[in-house]
Structures are given as C-alpha cells and as structure tokens.
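Since the structure comes first, as structure tokens, the remarks are kept for the end.
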Amino acid sequence: MVYQAHPQRYQTMEYRRCGSSGLKLPAVSLGLWHNFGDATLLETSRQLLRHAFDLGITHFDLANNYGPPPGSAESNFGRILREDFLPYRDELIISSKAGYTMWDGPYGDWGSRKYLIASLDQSLKRMGLEYVDIFYHHRPDPETPLMETMRALDHVVRQGKALYIGLSNYPADRAREALAILQDLGTPCLIHQPKYSMYERWVEAELLDLLQEQGVGSIAFSPLAGGQLTDRYLNGIPADSRAASGSQFLNADQITEAKVEKARLLNEIAGTRGQKLSQMALAWVLRHEKVTSVLIGASKTAQLDDAVGMLSHRQFTAAECEAIDAILNRAN
Ligand SMILES: NC(=O)c1ccc[n+]([C@@H]2O[C@H](COP(=O)([O-])OP(=O)(O)OC[C@H]3O[C@@H](n4cnc5c(N)ncnc54)[C@H](OP(=O)(O)O)[C@@H]3O)[C@@H](O)[C@H]2O)c1
C-alpha cells in the first residue's frame with residue numbers, strides 16, 4: 001500500500017536546535033545499525049521507518065558498514081526511501097559515516113581522504129541519494145593527520161555531497177583539535193555522536209562542555225545500552241532479543257546477575273515515576289540541554305512508541321537523580 005505519512009506527525013515530537021546551527025533534530029532519532037540489514041525482513045524494516053516518521057522522528061542514522069552484510073542497511077534503506085519516502089525527502093535528515101573497516105586493502109578503513117570520499121560515493125549510490133544531510137567521520141584515526149581527514153570532510157560539503165559534517169567517538173582532546181580545524185576551513189562541525197547512557201558516562205567529564213562551548217550539537221548513541229536499560233532482560237534472555245541474536249556487541253555473558261539487579265532497581269524508580277525503564281533512561285540522557293537527541297535502535301514499532309512516550313515526562317527531582325546515581329555506582 002502506498003505510504004502516506006501521518007498528518008499529525010509533527011505534533012508529538014520536540015525538535016531541538018543542534019548546537020548553534022540552523023538545524024533542529026528530533027529529540028528522538030532512529031539508528032539503522034541493527035534490524036535493517038539483509039538478515040531482517042524488508043517489511044519489518046519498512047514498518048519501523050514508517051512508524052518512526054509517523055511519530056515525528058525525522059532523523060535516520062546510517063553508516064557504510066551497517067548490515068549485516070556491511071552496506072545492506074544503506075541498500076535496504078535506499079529501496080524503502082525510493083518506494084515510500086521520496087515525497088518526504090526534504091522532511092528527513094539522513095546521515096551516514098565512514099571510519100570502520102568497509103572493504104579490503106589499505107583504502108577501506110580509518111580516515112584517509114581516499115577512503116572517506118570513495119566511501120561516501122558508495123553510500124550515496126546504495127541509498128540512491130544525491131547528498132546526505134550529515135556525513136560523519138566514524139572514529140578517530142591515530143595515524144592519518146587530522147588535517148587530511150578534516151579537509152576531506154570539508155571537501156564533501158563543498159562538493160554538495162553532504163550538507164553538514166559530524167564526528168563520532170572522538171575523545172575531547174581530539175575533538176577540540178578537529179573542531180578548530182573545521183572552523184578554520186569554513187565548515188564548522190554540526191554534531192558529535194558519542195556513546196552515552198546511564199551505563200556509559202565518559203562524555204560528562206569534558207566532552208559535553210566542550211561541545212556546548214563551541215556551539216556543536218550532540219546525539220547520544222546506544223542510550224539504552226543496546227537494551228540493557230529496558231525491561232528486556234529482567235526475567236531472562238528472550239529469544240527475539242539482541243543478546244540472543246549472536247551479536248558481537250551484546251551477548252548473553254554481558255547480561256550478568258549484577259547488571260540485571262541494577263536494571264531491576266532502576267526499573268523500580270521508573271515505576272514510581274509512572275514510566276518504563278527505557279523511558280526513564282532516555283529522559284535521563286536528555287536531561288542535559290547539551291544533548292540534542294537520543295539515537296535509539298528498535299526491533300519493534302512498540303519500542304518507538306515507548307521512546308516518544310517518554311517526552312511527556314522528562315523532569316527529574318534531585319532525590320531521583322541521587323537515587324539513580326547510587327544505583328549506577330554499585331559494582332557490576
Ligand atoms: N557512532 C557509532 O560508533 C555508533 C555505534 C553504535 C550505534 N550507533 C548508532 O546508534 C543507534 C542506536 O544504537 P543501539 O541500537 O545500540 O541503541 P539502544 O537504543 O541503546 O538499543 C536499542 C535496542 O534496545 C532494545 N529496545 C529499544 N527500545 C526498547 C523498549 N522500549 N523496550 C525493550 N527493549 C527496547 C531493542 O533491542 P531488541 O533487539 O532486544 O528488541 C533495540 O534494538 C544505531 O542504530 C546507530 O545508528 C552509532
């Protein structure tokens with residue numbers, strides 16, 4: 001059936017300014033790392049994208065290597081875009097990245113000009129796009145001069161193949177240097193994409209302040225710790241969960257009794273707030289104005305409803321914050 005986006009889609013979502021740029025992002029964004037490769041039924045991926053957009057989620061995040069196999073998330077997304085979303089292209093913020101291993105040999109990885117420019121061309125082809133809205137360097141490269149990588153990012157913007165530039169996984173010191181170079185080149189960095197959740201708080205030490213001071217937005221990836229900050233694992237490991245899927249990023253061994261106990265205690269606090277644990281975990285990341293958007297994954301449309309439902313209850317009392325910190329500080 002021909003897709004027609006929900007007419008009320010802009011009424012449920014909050015759109016937050018990305019740093020000091022002109023661009024606003026939805027408070028909740030959807031990542032296509034899992035559940036969009038060839039291992040997932042295309043119709044499942046399609047329903048997730050349609051449902052997300054119907055809820056006002058205007059930002060879809062990809063990378064060259066998302067799959068499996070690598071590249072297939074972009075190809076499948078390209079097909080769904082062509083079949084369902086072409087009339088809505090200008091209502092969407094589509095991002096891609098390069099920085100992890102994508103093809104064999106010395107030019108398919110890290111941060112050379114050769115790799116980044118070739119990879120973006122491949123991504124555009126797979127998705128059937130003339131440009132992406134945001135192109136990221138996916139991880140810092142300890143060997144390539146930062147100037148070369150930043151010049152390549154500046155170049156793709158000047159070519160019209162990306163509208164904005166982002167950095168991902170850059171620690172604060174490297175980010176500071178990169179931001180200064182991009183500023184000098186005349187293509188200021190729009191956004192940084194770090195991992196940030198109740199279970200992974202490194203950005204709080206320095207990075208978030210740096211980004212705010214420099215007018216750069218931030219989008220927190222894996223804010224639910226891949227599902228560990230939800231009720232998914234409170235009673236064992238469901239067969240349809242990520243931890244049961246053979247993922248190299250979340251496996252059954254990581255769901256320890258101590259982790260489950262933490263999640264149970266957090267779940268009790270969420271309950272007193274009238275929320276699900278997943279909703280409290282997302283609201284907690286968004287409690288900083290410095291965070292522009294939470295970048296979630298979803299395997300079911302109901303998970304998208306949960307995420308967007310969080311927006312109506314975002315405040316935390318000082319007592320709740322203290323109680324949450326006390327739980328997070330327990331040993332794993
Ligand atoms: N820049 C980078 O280096 C980098 C790295 C990783 C990810 N990312 C980006 O961040 C995005 C999100 O990463 P992520 O998938 O790890 O995010 P996440 O939001 O922490 O985890 C998503 C998973 O949690 C479970 N879940 C979500 N909502 C739920 C709910 N309401 N109740 C129960 N379970 C729920 C689902 O897993 P089940 O399958 O178990 O249902 C879902 O796939 C990626 O798609 C990608 O765009 C970027």
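By convention here, the chains of the structure tokens are called A, B, ... in the order presented, each chain's residues are numbered starting at 1, and ligands are numbered starting at 1 in the order presented.
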Find the residues near ligand 1. Use a cut-off of 6 Å, count only C-alpha atoms and all ligand atoms, and write them as an NGL selection string.
-> :A and (31-34 or 61-62 or 138 or 168 or 193 or 221-227 or 230-232 or 241-242 or 278 or 295-299 or 303 or 306)
Any idea what's packed within 8 Å of Ser96 (chain A), counting only C-alpha atoms, ignoring anything in its chain fewer than 2 positions away? Could you give it as a ChimeraX atom specification?
-> /A:61-64,94,98,120,123,132,134-136
Output N, CA and C atoms for every residue in the selection just made, as a PDB file, in the first residue's frame.
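The file below, part.pdb, is the result:
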```pdb
ATOM      1  N   ASP A  61      19.732   7.522  11.057  1.00  0.00           N
ATOM      2  CA  ASP A  61      21.202   7.490  11.096  1.00  0.00           C
ATOM      3  C   ASP A  61      21.734   6.168  10.543  1.00  0.00           C
ATOM      4  N   LEU A  62      22.608   6.274   9.553  1.00  0.00           N
ATOM      5  CA  LEU A  62      23.223   5.076   8.956  1.00  0.00           C
ATOM      6  C   LEU A  62      24.731   5.187   8.995  1.00  0.00           C
ATOM      7  N   ALA A  63      25.390   4.148   8.472  1.00  0.00           N
ATOM      8  CA  ALA A  63      26.842   4.166   8.265  1.00  0.00           C
ATOM      9  C   ALA A  63      27.134   3.199   7.147  1.00  0.00           C
ATOM     10  N   ASN A  64      28.284   3.361   6.514  1.00  0.00           N
ATOM     11  CA  ASN A  64      28.651   2.487   5.399  1.00  0.00           C
ATOM     12  C   ASN A  64      28.567   1.008   5.791  1.00  0.00           C
ATOM     13  N   ILE A  94      19.119  12.585   6.894  1.00  0.00           N
ATOM     14  CA  ILE A  94      19.721  11.265   6.696  1.00  0.00           C
ATOM     15  C   ILE A  94      21.230  11.406   6.880  1.00  0.00           C
ATOM     16  N   ALA A  98      31.773   7.046   7.710  1.00  0.00           N
ATOM     17  CA  ALA A  98      32.849   6.142   7.314  1.00  0.00           C
ATOM     18  C   ALA A  98      33.949   6.272   8.346  1.00  0.00           C
ATOM     19  N   LEU A 120      31.836   7.700   0.831  1.00  0.00           N
ATOM     20  CA  LEU A 120      30.603   8.490   0.730  1.00  0.00           C
ATOM     21  C   LEU A 120      29.967   8.288  -0.657  1.00  0.00           C
ATOM     22  N   SER A 123      28.116   5.109  -0.468  1.00  0.00           N
ATOM     23  CA  SER A 123      26.895   5.235   0.360  1.00  0.00           C
ATOM     24  C   SER A 123      25.788   5.924  -0.423  1.00  0.00           C
ATOM     25  N   VAL A 132      23.872  13.368   1.432  1.00  0.00           N
ATOM     26  CA  VAL A 132      23.384  13.063   2.789  1.00  0.00           C
ATOM     27  C   VAL A 132      23.305  14.381   3.545  1.00  0.00           C
ATOM     28  N   ILE A 134      24.018  14.669   6.847  1.00  0.00           N
ATOM     29  CA  ILE A 134      25.189  14.719   7.737  1.00  0.00           C
ATOM     30  C   ILE A 134      26.131  13.581   7.354  1.00  0.00           C
ATOM     31  N   PHE A 135      27.404  13.909   7.197  1.00  0.00           N
ATOM     32  CA  PHE A 135      28.414  12.860   6.974  1.00  0.00           C
ATOM     33  C   PHE A 135      29.404  12.921   8.133  1.00  0.00           C
ATOM     34  N   TYR A 136      29.595  11.751   8.751  1.00  0.00           N
ATOM     35  CA  TYR A 136      30.455  11.666   9.936  1.00  0.00           C
ATOM     36  C   TYR A 136      31.765  10.964   9.636  1.00  0.00           C
TER      37      TYR A 136
END
```
Looking only at strand (DSSP E or B) from DSSP on the backbone, list the matching residues of region 127-202 of chain A as an mmCIF file with C-alpha atoms, in the first residue's frame.
```
data_model
loop_
_atom_site.group_PDB
_atom_site.id
_atom_site.type_symbol
_atom_site.label_atom_id
_atom_site.label_comp_id
_atom_site.auth_asym_id
_atom_site.auth_seq_id
_atom_site.Cartn_x
_atom_site.Cartn_y
_atom_site.Cartn_z
ATOM 1 C CA VAL A 132 23.384 13.063 2.789
ATOM 2 C CA ASP A 133 22.382 15.633 5.344
ATOM 3 C CA ILE A 134 25.189 14.719 7.737
ATOM 4 C CA PHE A 135 28.414 12.860 6.974
ATOM 5 C CA TYR A 136 30.455 11.666 9.936
ATOM 6 C CA HIS A 137 33.967 10.524 10.464
ATOM 7 C CA ALA A 162 26.908 16.349 2.405
ATOM 8 C CA LEU A 163 25.167 19.348 3.932
ATOM 9 C CA TYR A 164 26.823 19.098 7.339
ATOM 10 C CA ILE A 165 29.759 17.372 8.972
ATOM 11 C CA GLY A 166 29.912 15.322 12.172
ATOM 12 C CA LEU A 167 32.446 13.492 14.298
ATOM 13 C CA SER A 168 31.823 10.279 16.194
ATOM 14 C CA ILE A 191 27.413 17.497 15.703
ATOM 15 C CA HIS A 192 29.310 14.923 17.697
ATOM 16 C CA GLN A 193 27.970 11.376 18.104
ATOM 17 C CA LYS A 195 28.105 6.700 23.176
ATOM 18 C CA SER A 197 23.825 6.240 28.624
ATOM 19 C CA GLU A 200 28.481 4.834 29.911
#
```
What residues in region 57-202 of chain A get the DSSP label alpha helix (DSSP H)? Please answer as a PyMOL selection string.
-> chain A and resi 72-80+113-127+146-158+172-185
Quick one: residues within 8 Å of region 252-258 of chain A, only C-alpha atoms counted, chain neighbours fewer than 2 positions away excluded, as an mmCIF file with C-alpha atoms, in the first residue's frame?
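The resulting out-v2.cif:
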```
data_model
loop_
_atom_site.group_PDB
_atom_site.id
_atom_site.type_symbol
_atom_site.label_atom_id
_atom_site.label_comp_id
_atom_site.auth_asym_id
_atom_site.auth_seq_id
_atom_site.Cartn_x
_atom_site.Cartn_y
_atom_site.Cartn_z
ATOM 1 C CA GLN A 228 20.133 -3.401 28.923
ATOM 2 C CA TYR A 233 16.316 -8.755 30.378
ATOM 3 C CA ILE A 237 17.027 -13.507 27.824
ATOM 4 C CA ALA A 243 21.525 -10.571 23.404
ATOM 5 C CA ALA A 244 20.135 -13.835 21.996
ATOM 6 C CA LEU A 250 25.758 -7.698 23.212
ATOM 7 C CA VAL A 260 20.096 -7.337 35.944
ATOM 8 C CA GLU A 261 19.859 -6.357 39.611
ATOM 9 C CA LYS A 262 20.851 -2.777 38.710
ATOM 10 C CA ALA A 331 29.688 -2.660 41.320
ATOM 11 C CA ASN A 332 28.802 -4.661 38.222
#
```
